[in-house]
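File shown: final-v1.cif. Contents: mmCIF, C-alpha atoms (C1' of nucleotides).
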```
data_final
#
loop_
_atom_site.label_atom_id
_atom_site.label_comp_id
_atom_site.auth_asym_id
_atom_site.auth_seq_id
_atom_site.Cartn_x
_atom_site.Cartn_y
_atom_site.Cartn_z
CA MET U 416 13.73 12.93 16.84
CA ARG U 417 16.79 13.55 18.95
CA THR U 418 14.44 14.37 21.82
CA ILE U 419 13.15 10.82 21.91
CA PRO U 420 14.72 9.24 24.99
CA ALA U 421 16.72 6.03 24.69
CA GLY U 422 14.67 2.99 25.61
CA LYS U 423 11.50 4.50 24.17
CA VAL U 424 9.97 4.56 20.71
CA ALA U 425 7.76 6.94 18.74
CA THR U 426 5.56 6.45 15.70
CA TYR U 427 6.00 8.24 12.40
CA GLY U 428 2.77 10.11 12.97
CA GLN U 429 3.93 11.16 16.40
CA VAL U 430 7.16 12.56 15.03
CA ALA U 431 5.23 14.32 12.29
CA LEU U 432 2.99 15.87 14.90
CA LEU U 433 5.93 17.09 16.96
CA ALA U 434 7.36 18.50 13.76
CA GLY U 435 4.23 20.51 13.23
CA ASN U 436 2.24 18.54 10.70
CA MET U 437 0.33 15.59 12.06
CA ARG U 438 -0.46 14.35 8.57
CA ALA U 439 3.03 14.31 7.20
CA ALA U 440 3.96 10.92 8.58
CA ARG U 441 4.99 9.71 5.16
CA GLN U 442 7.47 12.52 4.79
CA VAL U 443 9.06 11.47 8.06
CA GLY U 444 9.73 8.11 6.50
CA ALA U 445 10.98 9.76 3.35
CA VAL U 446 13.53 11.67 5.41
CA LEU U 447 14.65 8.62 7.31
CA TYR U 448 15.20 6.91 4.01
CA GLY U 449 17.99 9.32 3.27
CA ILE U 450 19.61 9.36 6.68
CA ARG U 451 23.27 8.61 6.93
CA GLU U 452 23.21 6.07 9.67
CA VAL U 453 26.30 7.06 11.60
CA GLU U 454 27.13 10.61 10.63
CA ASP U 455 23.79 12.27 11.21
CA ASP U 456 23.54 11.24 14.84
CA VAL U 457 19.80 10.78 14.91
CA PRO U 458 18.13 7.87 16.72
CA TRP U 459 16.24 6.66 13.65
CA GLN U 460 15.80 3.26 15.25
CA ARG U 461 13.29 4.69 17.72
CA VAL U 462 10.82 5.49 14.97
CA ILE U 463 8.36 2.73 14.07
CA ASN U 464 4.90 2.58 12.54
CA ALA U 465 1.59 2.96 14.35
CA SER U 466 1.22 -0.82 14.62
CA GLY U 467 4.45 -1.17 16.54
CA GLY U 468 6.17 -2.76 13.59
CA ILE U 469 9.29 -2.07 11.58
CA SER U 470 8.60 -0.30 8.32
CA THR U 471 11.94 -0.18 6.59
CA PHE U 472 12.40 -2.30 3.54
CA LYS U 473 16.13 -1.85 3.18
CA VAL U 474 17.70 -5.24 3.54
CA GLY U 475 19.46 -5.59 6.84
CA ALA U 476 18.13 -2.29 8.14
CA GLY U 477 15.25 -4.01 9.87
CA GLU U 478 17.50 -6.40 11.69
CA LEU U 479 19.80 -3.56 12.62
CA GLN U 480 16.91 -1.55 13.98
CA VAL U 481 15.72 -4.43 16.12
CA ALA U 482 19.23 -4.99 17.44
CA LEU U 483 19.68 -1.33 18.27
CA LEU U 484 16.36 -1.15 20.07
CA ARG U 485 17.10 -4.24 22.11
CA SER U 486 20.51 -2.90 22.99
CA GLU U 487 18.86 0.06 24.63
CA GLY U 488 16.36 -2.03 26.55
CA VAL U 489 13.29 -2.06 24.32
CA GLU U 490 11.55 -5.41 24.11
CA VAL U 491 10.91 -6.56 20.56
CA GLU U 492 8.84 -9.69 20.14
CA ARG U 493 8.92 -11.97 17.15
CA THR U 494 5.50 -12.48 15.60
CA ALA U 495 4.40 -14.08 12.37
CA ALA U 496 3.93 -10.61 10.96
CA GLY U 497 7.52 -9.73 11.86
CA PRO U 498 9.20 -7.96 14.76
CA ARG U 499 6.84 -6.03 16.95
CA VAL U 500 7.05 -3.59 19.85
CA ALA U 501 4.27 -3.18 22.42
CA LEU U 502 3.50 0.50 22.07
CA ARG U 503 1.33 0.18 25.14
CA ARG U 504 4.51 -0.01 27.11
CA TRP U 505 7.36 1.37 25.03
CA GLN U 506 5.90 4.32 23.23
CA TRP U 507 7.30 7.62 24.33
CA ARG U 508 4.69 9.81 25.94
CA PRO U 509 6.23 13.29 26.28
CA ASP U 510 3.30 14.55 28.32
CA LEU U 511 3.41 11.66 30.77
CA GLU U 512 7.11 11.45 31.47
CA ARG U 513 6.76 12.67 35.02
CA PHE U 514 4.34 9.89 35.91
CA GLY U 515 6.87 7.15 35.55
CA PRO U 516 6.64 3.83 33.64
CA GLU U 517 3.39 2.84 32.05
CA PRO U 518 1.85 -0.08 33.96
CA GLU U 519 1.07 -2.52 31.15
"C1'" DC O 943 -0.12 22.16 -14.09
"C1'" DC O 944 -0.84 17.05 -13.51
"C1'" DT O 945 0.08 12.30 -12.10
"C1'" DA O 946 2.34 8.79 -9.49
"C1'" DT O 947 4.53 7.33 -5.38
"C1'" DG O 948 5.56 6.30 -0.58
"C1'" DA O 949 10.30 3.62 6.44
"C1'" DC O 950 2.18 6.36 7.20
"C1'" DC O 951 -2.59 6.57 9.82
"C1'" DG O 952 -7.33 5.90 11.39
"C1'" DT O 953 -11.54 3.74 10.80
"C1'" DG O 954 -14.67 0.23 9.85
"C1'" DA O 955 -16.08 -4.53 8.36
"C1'" DC D 37 -6.62 -10.53 14.68
"C1'" DT D 38 -6.65 -9.30 9.30
"C1'" DC D 39 -7.85 -6.62 5.18
"C1'" DA D 40 -9.47 -2.77 2.36
"C1'" DC D 41 -10.23 2.06 1.69
"C1'" DG D 42 -9.65 6.85 1.73
"C1'" DG D 43 -7.05 10.56 3.21
"C1'" DC D 44 -2.48 12.91 3.46
"C1'" DC D 45 1.20 15.84 1.44
"C1'" DA D 46 6.09 16.65 -0.11
"C1'" DT D 47 8.79 15.13 -4.16
"C1'" DA D 48 9.96 13.58 -8.58
"C1'" DG D 49 9.03 13.34 -13.42
#
```
What would you get if you wrote out this structure as structure tokens?
Amino acid sequence: MRTIPAGKVATYGQVALLAGNMRAARQVGAVLYGIREVEDDVPWQRVINASGGISTFKVGAGELQVALLRSEGVEVERTAAGPRVALRRWQWRPDLERFGPEPE
DNA sequence: CCTATGACCGTGA
DNA sequence: CTCACGGCCATAG
């Protein structure tokens, strides 16, 4: 997760894949659940679900995540279904980094 | 060993 | 766009 660049986001499944098991997305979330926000120095805020939404249920954590993402340049829009990020544009694509920004 | 659970995912209606 | 379903697999009990 520390390899995810600031200003980009990754999905749980994506992280799971990078970790070796594409189908262990749930475990990724389970790990994040136990993260010590400050001390562990991992950009947990860059991990969102496959729909571009925030998955945490911890009160306040969602707001914090949105704030953190915005502070690093990621656009988070407010929809009826809650905060949402356009993966089309903000998802980290390790294999495409050298091609520059994704054009919408 | 067996069941229930969950910061998930993809597909199909 | 929304919703339901089935699949996943490490953990906890």
Applying 12 Å and only C-alpha atoms (C1' of nucleotides), which residues near DC41 in chain D remain after dropping the ones on its own chain fewer than 3 positions away? List them as a PyMOL selection string. chain O and resi 952-955
Would you write out those residues with C-alpha atoms (C1' of nucleotides), as a CSV table (one decimal), in the coordinates of the input?
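Produced file again21.csv, reproduced below:
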```csv
chain,number,residue,atom,x,y,z
O,952,DG,C1',-7.3,5.9,11.4
O,953,DT,C1',-11.5,3.7,10.8
O,954,DG,C1',-14.7,0.2,9.8
O,955,DA,C1',-16.1,-4.5,8.4
```
Resolved residues for the PyMOL selection byres ((chain U) within 12 of (chain D)) as a PyMOL selection string: chain U and resi 428+431+436-446+495-496
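Here CA of Leu511 in chain U stands at a distance of 17.4 Å from CA of Met416 in chain U.
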If we count only C-alpha atoms (C1' of nucleotides), what is near Pro458 in chain U at a cut-off of 9 Å, once residues fewer than 4 positions away on the same chain are taken out, given as an MDAnalysis selection string? chainID U and resid 416:417 419 421 452 462
Target residues per the PyMOL selection byres ((chain U and resi 466-478) around 6), formatted as a tab-separated table (two decimals) with C-alpha atoms (C1' of nucleotides), keeping the file's coordinate frame:
```tsv
chain	number	residue	atom	x	y	z
U	463	ILE	CA	8.36	2.73	14.07
U	464	ASN	CA	4.90	2.58	12.54
U	465	ALA	CA	1.59	2.96	14.35
U	479	LEU	CA	19.80	-3.56	12.62
U	480	GLN	CA	16.91	-1.55	13.98
U	481	VAL	CA	15.72	-4.43	16.12
U	499	ARG	CA	6.84	-6.03	16.95
U	500	VAL	CA	7.05	-3.59	19.85
U	502	LEU	CA	3.50	0.50	22.07
O	949	DA	C1'	10.30	3.62	6.44
```
